[in-house]
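K.L.:
Once you've had a glance at the structure underneath, I'll fire off some questions.
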Amino acid sequence: MACEESHRLSDPSGGIKGAANELMTFYLPIAEMSANVFLFLGMGAAVGFLSGLFGVGGGFLMTPLLIFAGVPSAVAVGTEAAQIVASSVSGALAQWRRNNVDLKMGTVLLCGGIVGSAIGVQTVSVLRRAGHFEFFVTVCYVTFLGVIGTLMLIESLSAMRKVREGKAPSARRPGQHSWVHKLPLKMRFHRSKLYISAIPPIAIGLFVGFLAAIMGVGGGFIMVPAMIYILRMPTNVVVGTSLFQIVFVTAVTTILHAKQNFTVDVVLALLLMVGGVVGAQFGAVAGERLKGEQLRFLLAAMVLLVALRMAWSLIAAPTELFSLSTVQRGH
Amino acid sequence: MQRARRRHWLLCSCLAILSAALLASSDAGAQQRRQRATPVPVPVPAPQGAVRPAPAKPPDPADPAALPRETVQADVSTRRVAVTSTFSGTEIVVFGAIDNSRQASPEAGLYDVVVVVVGTPTRLEARKKNRVLGVWLNTDSLSFESVPNYYSIVSTRPLDEVASEEVLKSMEIGFDYVPMVLAKGAETRGAAEIKAFRDAIVRLKRKDKLYSQDEYGVAFIGRSLFRATVDVPANVVVGPFDTRVFLFRNRELIHQYRARLDLEREGIEDALHAFAFRYPLSYGIITVLLAVASGLLASAVFRKGAH
């Protein structure tokens with residue numbers, strides 16, 4: 001008996017620590033990891049706050065954060081798609097009620113988006129098998145966030161300077177004609193008051209759908225500028241139409257990821273959704289107190305920080321060169 | 001709570017049965033019956049008449065020829081892993097007994113016991129990063145047809161004190177001898193490369209607590225009874241677990257015992273996992289519906305606050 005006693009006594013903290021851990025940890029069935037509930041709720045709330053503050057989807061912040069927190073890249077991407085559905089559906093519905101959705105344009109974008117998403121999910125599958133998905137997603141993030149962050153930073157700085165100098169920020173006047181108007185397959189979009197080729201919206205949808213599938217983002221940060229500057233859509237329908245497209249493309253992406261890659265973690269998604277919707281409400285209130293160009297500057301700074309952090313993970317010597325992946329069999 | 005109590009009850013009853021059986025160890029019938037029995041402890045009470053008091057004088061360990069050979073038997077405390085939302089791992093108690101123990105007391109240290117628990121074999125791809133044009137990229141990989149998802153060694157003393165390297169190797173005891181099978185075509189790789197990948201697998205699995213070693217984890221409770229605790233982390237792949245118990249005396253393997261343990265998961269998280277892999281399309285659609293519902297619910301709840 002003496003031996004057993006000493007064995008038990010040597011580990012007195014085990015019971016207490018175990019009980020405390022059990023209260024806070026959740027087992028994520030697809031990510032296959034025990035995770036702290038508050039970490040993911042907090043992450044959802046923080047990103048939700050920022051997305052409410054800036055009026056962006058937040059996927060481009062959440063996916064990198066999930067990866068930094070140790071969630072496998074592919075699970076982070078697949079799960080984030082589900083969360084974006086939740087965070088954009090209410091916005092899309094509100095825009096729909098205000099008649100701010102160009103349904104025809106949205107449907108054309110969606111057609112491209114679904115094809116793009118399917119290609120993206122296949123790409124994820126192939127890259128995962130080759131062991132390059134993590135690298136690929138990091139490169140995508142560094143590239144897109146780097147470029148967009150830089151552009152936004154320049155734009156917001158010049159806007160802020162103009163405000164200081166007393167000039168009103170000049171609204172861009174889109175030109176009446178561009179190369180977009182020379183393409184065939186013209187369609188009339190009544191709500192947007194456009195008569196343009198269907199090729200550019202399909203191409204934009206395709207590209208955004210592809211990004212949604214490989215990066216776990218809604219793609220609003222690409223689609224909104226593309227709608228304004230390439231398609232020259234009126235700004236009042238841009239947000240509604242892009243939200244409309246995002247809801248459906250991320251929904252399709254979620255289903256495709258679940259079907260093809262088994263990388264959608266419903267428990268993780270729910271934690272993020274709960275944190276996200278609460279955070280977004282507070283963010284929206286806080287956002288009303290900040291000026292547009294200041295918001296854009298802050299957002300640009302944050303986008304660049306995430307890009308830098310991801311770039312660092314590409315070039316810094318890793319502490320562990322090896323990694324393991326289980327090969328699924330029979331599924 | 002109830003589970004823990006049940007486990008305790010099971011453990012206590014097993015220990016009681018084992019001790020009773022030990023007292024009756026000279027009874028050949030009882031001996032045979034126990035050996036035929038499955039690892040699941042069946043509460044068969046030893047025949048009353050066969051229970052005899054232990055010999056007053058302990059047998060002389062210096063004269064092994066005159067004594068019956070020692071054998072070891074063992075069993076595990078649990079066969080199910082309950083994966084609930086708050087599951088962060090479990091522990092399995094391996095307990096056993098040495099028949100014909102010549103040990104005078106638990107502290108005598110005459111015997112060494114090594115418990116090796118080998119988990120479900122899985123196919124595995126190990127990858128290695130290299131620097132390519134300034135960035136770190138997976139450039140090298142090695143495929144394994146079979147690598148135990150889980151591997152745990154618990155012993156009375158450090159392994160090099162228990163037995164020689166040859167014995168450990170032949171019995172696949174120790175991190176250097178974890179049974180791993182290379183995939184077809186991978187055998188052509190150099191021995192040093194393969195060793196680097198093997199070591200990496202062990203290192204990474206130890207970091208995940210899937211591989212573990214406790215050099216003083218087996219404790220003798222009586223002259224012949226011992227127990228060991230094996231930790232099983234939450235992310236273990238369930239399936240058949242091979243539990244092997246080795247009995248050593250004077251660095252010599254004198255007996256080994258094998259018990260199969262089928263680890264199963266239970267709980268909602270496991271049902272989700274199974275559902276996600278069995279019906280991926282429905283799982284995806286349900287996830288999307290959940291997302292839509294929670295988004296709409298949130299906007300309904302916060303509508304007053306937001307507008």
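Going through the structure tokens in order, the chains are called A, B, and so on, while each chain numbers its residues from 1 and the ligands are numbered from 1 in the order shown.
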Select all residues from chain A having any atom no more than 7 Å from an atom of chain B (counting only C-alpha atoms, ignoring ligands), output as a count of residues only.
P.N.:
41
K.L.:
If we count only C-alpha atoms and set the cut-off at 7 Å, which residues sit around Val208 in chain A, ignoring sequence neighbours fewer than 4 positions away in its own chain? Please answer as a list in words.
P.N.:
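Here the answer would be Gly113, Ile204, Ala212, Gly219 and Met223 of chain A.
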K.L.:
If we count only C-alpha atoms and set the cut-off at 9 Å, which residues sit around range 182-187 of chain A, ignoring sequence neighbours fewer than 5 positions away in its own chain? Please answer as a list in words.
P.N.:
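In the requested format, the answer is His177, Leu194, Tyr195, Ile196, Ser197, Ala198, Ile199 and Pro200 of chain A.
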K.L.:
Next, write the just-selected residues to a file, as a compact mmCIF listing (two decimals), in the first residue's frame, keeping N, CA and C atoms as the atom set.
P.N.:
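Here's the written file again-v9.txt:
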```
# COMPACT_ATOMS: atom_id res chain seq x y z
N HIS A 177 -17.02 54.76 -69.86
CA HIS A 177 -16.70 53.58 -70.66
C HIS A 177 -15.33 53.02 -70.33
N LEU A 194 -27.19 49.06 -65.43
CA LEU A 194 -26.01 48.73 -66.22
C LEU A 194 -26.40 47.87 -67.41
N TYR A 195 -25.66 48.02 -68.50
CA TYR A 195 -25.80 47.12 -69.63
C TYR A 195 -24.39 46.69 -70.00
N ILE A 196 -23.95 45.61 -69.36
CA ILE A 196 -22.57 45.17 -69.57
C ILE A 196 -22.51 43.69 -69.85
N SER A 197 -21.32 43.28 -70.26
CA SER A 197 -21.09 41.87 -70.53
C SER A 197 -21.18 41.07 -69.24
N ALA A 198 -21.64 39.83 -69.35
CA ALA A 198 -21.72 38.96 -68.17
C ALA A 198 -20.36 38.38 -67.80
N ILE A 199 -19.38 38.55 -68.68
CA ILE A 199 -18.08 37.92 -68.42
C ILE A 199 -17.37 38.52 -67.19
N PRO A 200 -17.28 39.86 -67.08
CA PRO A 200 -16.58 40.38 -65.89
C PRO A 200 -17.22 39.97 -64.56
```
K.L.:
Using only C-alpha atoms, which residue out of A:Ala45, A:Ala31, A:Ala316, A:Met24 lies closest to Leu271 in chain A?
P.N.:
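Closest candidate: A:Ala45.
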K.L.:
Skipping near chain neighbours, those fewer than 3 positions away, what residues fall within 8 Å of Val285 in chain A using only C-alpha atoms, listed as an MDAnalysis selection string?
P.N.:
(chainID A and resid 52:53 281:282 288:289) or (chainID B and resid 306)
K.L.:
Okay, now the selection with N, CA and C atoms, as an mmCIF file, in the first residue's frame?
P.N.:
```
data_model
loop_
_atom_site.group_PDB
_atom_site.id
_atom_site.type_symbol
_atom_site.label_atom_id
_atom_site.label_comp_id
_atom_site.auth_asym_id
_atom_site.auth_seq_id
_atom_site.Cartn_x
_atom_site.Cartn_y
_atom_site.Cartn_z
ATOM 1 N N GLY A 52 -17.665 44.499 -36.943
ATOM 2 C CA GLY A 52 -18.746 45.461 -36.746
ATOM 3 C C GLY A 52 -18.239 46.883 -36.870
ATOM 4 N N LEU A 53 -17.045 47.100 -36.329
ATOM 5 C CA LEU A 53 -16.438 48.435 -36.334
ATOM 6 C C LEU A 53 -16.142 48.902 -37.761
ATOM 7 N N GLN A 281 -22.059 43.496 -32.568
ATOM 8 C CA GLN A 281 -23.011 44.514 -32.116
ATOM 9 C C GLN A 281 -22.288 45.682 -31.456
ATOM 10 N N PHE A 282 -21.331 45.348 -30.595
ATOM 11 C CA PHE A 282 -20.582 46.407 -29.908
ATOM 12 C C PHE A 282 -19.687 47.151 -30.890
ATOM 13 N N GLU A 288 -19.631 53.953 -35.084
ATOM 14 C CA GLU A 288 -20.345 55.192 -35.380
ATOM 15 C C GLU A 288 -19.620 56.420 -34.837
ATOM 16 N N ARG A 289 -18.729 56.198 -33.886
ATOM 17 C CA ARG A 289 -18.051 57.341 -33.258
ATOM 18 C C ARG A 289 -16.738 57.694 -33.951
ATOM 19 N N ALA B 306 -29.211 47.512 -32.043
ATOM 20 C CA ALA B 306 -28.428 47.985 -33.178
ATOM 21 C C ALA B 306 -29.076 49.156 -33.912
#
```
K.L.:
Mind checking which residues fall within 12 Å of range 74-76 of chain A, counting only C-alpha atoms, ignoring those fewer than 6 positions away in the same chain, and posting them as a ChimeraX atom specification?
P.N.:
/A:28-33,40,59-68,82-83,120-121,123-129,131-138,213-217,254,257-258,260-269,272,325
K.L.:
Out of range 166-253 of chain B, which residues get strand (DSSP E or B) from DSSP, as a ChimeraX atom specification?
P.N.:
/B:181-182,211-214,218-220,225-232,239-249,252-253
K.L.:
For N, CA and C atoms, I'd like the residues from the last selection saved as a PDB file, in the first residue's frame.
P.N.:
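Saved as result.pdb:
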```pdb
ATOM      1  N   VAL B 181       5.806   0.755 -39.806  1.00  0.00           N
ATOM      2  CA  VAL B 181       6.003   0.098 -41.103  1.00  0.00           C
ATOM      3  C   VAL B 181       6.027   1.168 -42.183  1.00  0.00           C
ATOM      4  N   LEU B 182       7.094   1.150 -42.977  1.00  0.00           N
ATOM      5  CA  LEU B 182       7.189   2.119 -44.071  1.00  0.00           C
ATOM      6  C   LEU B 182       6.223   1.751 -45.193  1.00  0.00           C
ATOM      7  N   TYR B 211       2.414   9.789 -27.309  1.00  0.00           N
ATOM      8  CA  TYR B 211       3.450   8.855 -26.895  1.00  0.00           C
ATOM      9  C   TYR B 211       3.927   9.331 -25.536  1.00  0.00           C
ATOM     10  N   SER B 212       4.113   8.382 -24.626  1.00  0.00           N
ATOM     11  CA  SER B 212       4.548   8.818 -23.305  1.00  0.00           C
ATOM     12  C   SER B 212       5.335   7.719 -22.624  1.00  0.00           C
ATOM     13  N   GLN B 213       6.092   8.120 -21.649  1.00  0.00           N
ATOM     14  CA  GLN B 213       6.873   7.170 -20.878  1.00  0.00           C
ATOM     15  C   GLN B 213       6.891   7.612 -19.432  1.00  0.00           C
ATOM     16  N   ASP B 214       6.684   6.646 -18.533  1.00  0.00           N
ATOM     17  CA  ASP B 214       6.791   6.933 -17.114  1.00  0.00           C
ATOM     18  C   ASP B 214       7.727   5.877 -16.536  1.00  0.00           C
ATOM     19  N   VAL B 218       5.069   2.039 -12.577  1.00  0.00           N
ATOM     20  CA  VAL B 218       4.487   0.790 -12.086  1.00  0.00           C
ATOM     21  C   VAL B 218       4.817   0.665 -10.609  1.00  0.00           C
ATOM     22  N   ALA B 219       3.793   0.502  -9.783  1.00  0.00           N
ATOM     23  CA  ALA B 219       4.016   0.417  -8.341  1.00  0.00           C
ATOM     24  C   ALA B 219       3.502  -0.927  -7.843  1.00  0.00           C
ATOM     25  N   PHE B 220       4.307  -1.584  -7.043  1.00  0.00           N
ATOM     26  CA  PHE B 220       3.855  -2.816  -6.399  1.00  0.00           C
ATOM     27  C   PHE B 220       3.021  -2.458  -5.189  1.00  0.00           C
ATOM     28  N   LEU B 225       1.013  -7.995  -6.367  1.00  0.00           N
ATOM     29  CA  LEU B 225       0.103  -7.104  -7.086  1.00  0.00           C
ATOM     30  C   LEU B 225       0.805  -5.820  -7.486  1.00  0.00           C
ATOM     31  N   PHE B 226       0.505  -5.364  -8.692  1.00  0.00           N
ATOM     32  CA  PHE B 226       1.067  -4.083  -9.118  1.00  0.00           C
ATOM     33  C   PHE B 226       0.027  -3.314  -9.903  1.00  0.00           C
ATOM     34  N   ARG B 227       0.240  -2.026 -10.004  1.00  0.00           N
ATOM     35  CA  ARG B 227      -0.658  -1.233 -10.834  1.00  0.00           C
ATOM     36  C   ARG B 227       0.130  -0.131 -11.535  1.00  0.00           C
ATOM     37  N   ALA B 228      -0.407   0.332 -12.649  1.00  0.00           N
ATOM     38  CA  ALA B 228       0.243   1.395 -13.412  1.00  0.00           C
ATOM     39  C   ALA B 228      -0.853   2.261 -14.021  1.00  0.00           C
ATOM     40  N   THR B 229      -0.595   3.536 -14.126  1.00  0.00           N
ATOM     41  CA  THR B 229      -1.571   4.440 -14.714  1.00  0.00           C
ATOM     42  C   THR B 229      -1.048   4.938 -16.048  1.00  0.00           C
ATOM     43  N   VAL B 230      -1.892   4.867 -17.052  1.00  0.00           N
ATOM     44  CA  VAL B 230      -1.510   5.272 -18.404  1.00  0.00           C
ATOM     45  C   VAL B 230      -2.439   6.408 -18.823  1.00  0.00           C
ATOM     46  N   ASP B 231      -1.857   7.529 -19.214  1.00  0.00           N
ATOM     47  CA  ASP B 231      -2.681   8.669 -19.635  1.00  0.00           C
ATOM     48  C   ASP B 231      -3.035   8.553 -21.108  1.00  0.00           C
ATOM     49  N   VAL B 232      -4.283   8.815 -21.412  1.00  0.00           N
ATOM     50  CA  VAL B 232      -4.741   8.806 -22.809  1.00  0.00           C
ATOM     51  C   VAL B 232      -5.279  10.193 -23.129  1.00  0.00           C
ATOM     52  N   GLY B 239      -9.798   2.449 -31.121  1.00  0.00           N
ATOM     53  CA  GLY B 239      -9.717   1.200 -31.839  1.00  0.00           C
ATOM     54  C   GLY B 239      -9.065   0.178 -30.934  1.00  0.00           C
ATOM     55  N   PRO B 240      -8.545  -0.907 -31.519  1.00  0.00           N
ATOM     56  CA  PRO B 240      -7.914  -1.912 -30.664  1.00  0.00           C
ATOM     57  C   PRO B 240      -6.601  -1.413 -30.067  1.00  0.00           C
ATOM     58  N   PHE B 241      -6.472  -1.554 -28.780  1.00  0.00           N
ATOM     59  CA  PHE B 241      -5.241  -1.197 -28.081  1.00  0.00           C
ATOM     60  C   PHE B 241      -4.609  -2.490 -27.594  1.00  0.00           C
ATOM     61  N   ASP B 242      -3.344  -2.621 -27.844  1.00  0.00           N
ATOM     62  CA  ASP B 242      -2.631  -3.813 -27.432  1.00  0.00           C
ATOM     63  C   ASP B 242      -1.883  -3.491 -26.145  1.00  0.00           C
ATOM     64  N   THR B 243      -2.268  -4.152 -25.074  1.00  0.00           N
ATOM     65  CA  THR B 243      -1.595  -3.915 -23.799  1.00  0.00           C
ATOM     66  C   THR B 243      -0.714  -5.116 -23.495  1.00  0.00           C
ATOM     67  N   ARG B 244       0.576  -4.866 -23.384  1.00  0.00           N
ATOM     68  CA  ARG B 244       1.485  -5.969 -23.086  1.00  0.00           C
ATOM     69  C   ARG B 244       2.174  -5.693 -21.758  1.00  0.00           C
ATOM     70  N   VAL B 245       2.264  -6.729 -20.939  1.00  0.00           N
ATOM     71  CA  VAL B 245       2.900  -6.601 -19.630  1.00  0.00           C
ATOM     72  C   VAL B 245       4.075  -7.566 -19.597  1.00  0.00           C
ATOM     73  N   PHE B 246       5.257  -7.035 -19.323  1.00  0.00           N
ATOM     74  CA  PHE B 246       6.473  -7.848 -19.312  1.00  0.00           C
ATOM     75  C   PHE B 246       6.984  -7.971 -17.876  1.00  0.00           C
ATOM     76  N   LEU B 247       7.355  -9.174 -17.527  1.00  0.00           N
ATOM     77  CA  LEU B 247       7.899  -9.411 -16.186  1.00  0.00           C
ATOM     78  C   LEU B 247       9.391  -9.749 -16.301  1.00  0.00           C
ATOM     79  N   PHE B 248      10.195  -8.996 -15.605  1.00  0.00           N
ATOM     80  CA  PHE B 248      11.648  -9.207 -15.638  1.00  0.00           C
ATOM     81  C   PHE B 248      12.147  -9.540 -14.235  1.00  0.00           C
ATOM     82  N   ARG B 249      13.136 -10.423 -14.193  1.00  0.00           N
ATOM     83  CA  ARG B 249      13.884 -10.637 -12.952  1.00  0.00           C
ATOM     84  C   ARG B 249      15.354 -10.691 -13.330  1.00  0.00           C
ATOM     85  N   GLU B 252      16.224 -10.234 -16.885  1.00  0.00           N
ATOM     86  CA  GLU B 252      15.857 -11.343 -17.745  1.00  0.00           C
ATOM     87  C   GLU B 252      14.345 -11.377 -17.868  1.00  0.00           C
ATOM     88  N   LEU B 253      13.877 -11.493 -19.123  1.00  0.00           N
ATOM     89  CA  LEU B 253      12.435 -11.558 -19.338  1.00  0.00           C
ATOM     90  C   LEU B 253      11.952 -12.945 -18.943  1.00  0.00           C
TER      91      LEU B 253
END
```
K.L.:
Write down as a PyMOL selection string the residues of range 154-296 of chain A whose backbone DSSP state falls under alpha helix (DSSP H).
P.N.:
chain A and resi 154-164+199-215+220-229+235-260+266-287+292-296
K.L.:
Could you turn the residues from that selection into a file that holds C-alpha atoms, as an mmCIF file, in the first residue's frame?
P.N.:
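Done, and the output landed in out06.cif:
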```cif
data_model
loop_
_atom_site.group_PDB
_atom_site.id
_atom_site.type_symbol
_atom_site.label_atom_id
_atom_site.label_comp_id
_atom_site.auth_asym_id
_atom_site.auth_seq_id
_atom_site.Cartn_x
_atom_site.Cartn_y
_atom_site.Cartn_z
ATOM 1 C CA ILE A 154 -2.085 55.090 -48.798
ATOM 2 C CA GLU A 155 -5.685 55.976 -49.558
ATOM 3 C CA SER A 156 -6.642 56.654 -45.943
ATOM 4 C CA LEU A 157 -3.492 58.711 -45.303
ATOM 5 C CA SER A 158 -4.133 60.914 -48.316
ATOM 6 C CA ALA A 159 -7.798 61.271 -47.313
ATOM 7 C CA MET A 160 -6.769 62.271 -43.802
ATOM 8 C CA ARG A 161 -4.280 64.805 -45.168
ATOM 9 C CA LYS A 162 -6.932 66.307 -47.412
ATOM 10 C CA VAL A 163 -9.321 66.588 -44.471
ATOM 11 C CA ARG A 164 -6.607 68.361 -42.477
ATOM 12 C CA ILE A 199 -18.077 37.922 -68.421
ATOM 13 C CA PRO A 200 -16.579 40.378 -65.889
ATOM 14 C CA PRO A 201 -19.116 39.592 -63.119
ATOM 15 C CA ILE A 202 -18.697 35.864 -63.703
ATOM 16 C CA ALA A 203 -14.921 36.230 -63.616
ATOM 17 C CA ILE A 204 -15.086 38.305 -60.427
ATOM 18 C CA GLY A 205 -17.451 35.783 -58.844
ATOM 19 C CA LEU A 206 -15.184 32.932 -59.873
ATOM 20 C CA PHE A 207 -12.133 34.567 -58.379
ATOM 21 C CA VAL A 208 -13.883 35.518 -55.143
ATOM 22 C CA GLY A 209 -15.393 32.035 -54.812
ATOM 23 C CA PHE A 210 -11.947 30.530 -55.265
ATOM 24 C CA LEU A 211 -10.513 32.823 -52.578
ATOM 25 C CA ALA A 212 -13.407 31.988 -50.243
ATOM 26 C CA ALA A 213 -12.610 28.298 -50.543
ATOM 27 C CA ILE A 214 -8.850 28.499 -50.143
ATOM 28 C CA MET A 215 -8.558 31.354 -47.645
ATOM 29 C CA GLY A 220 -15.908 41.297 -49.751
ATOM 30 C CA PHE A 221 -12.545 43.045 -49.627
ATOM 31 C CA ILE A 222 -11.981 42.038 -53.263
ATOM 32 C CA MET A 223 -15.562 42.116 -54.481
ATOM 33 C CA VAL A 224 -16.583 45.569 -53.262
ATOM 34 C CA PRO A 225 -13.696 47.402 -54.983
ATOM 35 C CA ALA A 226 -14.174 45.220 -58.075
ATOM 36 C CA MET A 227 -17.883 46.121 -58.246
ATOM 37 C CA ILE A 228 -17.167 49.808 -57.840
ATOM 38 C CA TYR A 229 -14.140 50.192 -60.079
ATOM 39 C CA THR A 235 -22.607 52.252 -54.462
ATOM 40 C CA ASN A 236 -26.047 51.807 -52.896
ATOM 41 C CA VAL A 237 -26.372 48.270 -54.259
ATOM 42 C CA VAL A 238 -22.716 47.257 -53.904
ATOM 43 C CA VAL A 239 -22.792 46.203 -50.240
ATOM 44 C CA GLY A 240 -26.148 44.433 -50.450
ATOM 45 C CA THR A 241 -25.258 42.534 -53.612
ATOM 46 C CA SER A 242 -21.855 41.495 -52.309
ATOM 47 C CA LEU A 243 -23.393 40.272 -49.019
ATOM 48 C CA PHE A 244 -25.990 38.343 -50.996
ATOM 49 C CA GLN A 245 -23.258 36.645 -52.986
ATOM 50 C CA ILE A 246 -21.082 36.026 -49.889
ATOM 51 C CA VAL A 247 -23.857 34.240 -47.975
ATOM 52 C CA PHE A 248 -24.483 31.779 -50.778
ATOM 53 C CA VAL A 249 -20.880 31.262 -51.813
ATOM 54 C CA THR A 250 -19.694 30.641 -48.238
ATOM 55 C CA ALA A 251 -22.667 28.311 -47.676
ATOM 56 C CA VAL A 252 -21.696 26.303 -50.760
ATOM 57 C CA THR A 253 -18.042 26.434 -49.722
ATOM 58 C CA THR A 254 -18.901 25.090 -46.254
ATOM 59 C CA ILE A 255 -20.823 22.173 -47.726
ATOM 60 C CA LEU A 256 -18.099 21.395 -50.266
ATOM 61 C CA HIS A 257 -15.365 21.523 -47.621
ATOM 62 C CA ALA A 258 -17.400 19.229 -45.379
ATOM 63 C CA LYS A 259 -18.003 16.824 -48.257
ATOM 64 C CA GLN A 260 -14.566 16.803 -49.828
ATOM 65 C CA VAL A 266 -19.266 22.552 -36.154
ATOM 66 C CA VAL A 267 -18.375 23.009 -32.478
ATOM 67 C CA LEU A 268 -15.625 25.486 -33.297
ATOM 68 C CA ALA A 269 -17.917 27.267 -35.759
ATOM 69 C CA LEU A 270 -20.623 27.642 -33.103
ATOM 70 C CA LEU A 271 -18.145 29.050 -30.567
ATOM 71 C CA LEU A 272 -16.946 31.592 -33.125
ATOM 72 C CA MET A 273 -20.492 32.463 -34.169
ATOM 73 C CA VAL A 274 -21.605 33.146 -30.611
ATOM 74 C CA GLY A 275 -18.548 35.289 -29.891
ATOM 75 C CA GLY A 276 -18.786 36.923 -33.306
ATOM 76 C CA VAL A 277 -22.400 38.080 -33.275
ATOM 77 C CA VAL A 278 -22.053 39.598 -29.795
ATOM 78 C CA GLY A 279 -18.782 41.329 -30.647
ATOM 79 C CA ALA A 280 -20.195 42.689 -33.917
ATOM 80 C CA GLN A 281 -23.011 44.514 -32.116
ATOM 81 C CA PHE A 282 -20.582 46.407 -29.908
ATOM 82 C CA GLY A 283 -18.274 47.031 -32.845
ATOM 83 C CA ALA A 284 -21.056 48.602 -34.888
ATOM 84 C CA VAL A 285 -21.858 51.014 -32.033
ATOM 85 C CA ALA A 286 -18.185 51.916 -31.577
ATOM 86 C CA GLY A 287 -17.792 52.391 -35.333
ATOM 87 C CA GLY A 292 -14.390 56.945 -42.089
ATOM 88 C CA GLU A 293 -10.798 57.691 -42.995
ATOM 89 C CA GLN A 294 -9.605 56.983 -39.456
ATOM 90 C CA LEU A 295 -11.399 53.652 -39.553
ATOM 91 C CA ARG A 296 -9.814 52.828 -42.878
#
```
K.L.:
Report, in Å to a single decimal, how far apart CA of Thr78 in chain B and CA of Ile173 in chain B are.
P.N.:
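Between CA of Ile173 in chain B and CA of Thr78 in chain B the gap is 22.8 Å.
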K.L.:
Using only C-alpha atoms for the distances, tell me which of A:Met43, A:Ile148, A:Val139, A:Ile114 is nearest to Met310 in chain A.
P.N.:
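Closest candidate: A:Val139.
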K.L.:
So what do you get for CA of Tyr111 in chain B versus CA of Glu91 in chain B, distance-wise?
P.N.:
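CA of Glu91 in chain B lies 24.5 Å from CA of Tyr111 in chain B.
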K.L.:
What is the CA of Arg223 in chain B to CA of Ser105 in chain B distance in Å?
P.N.:
4.9 Å
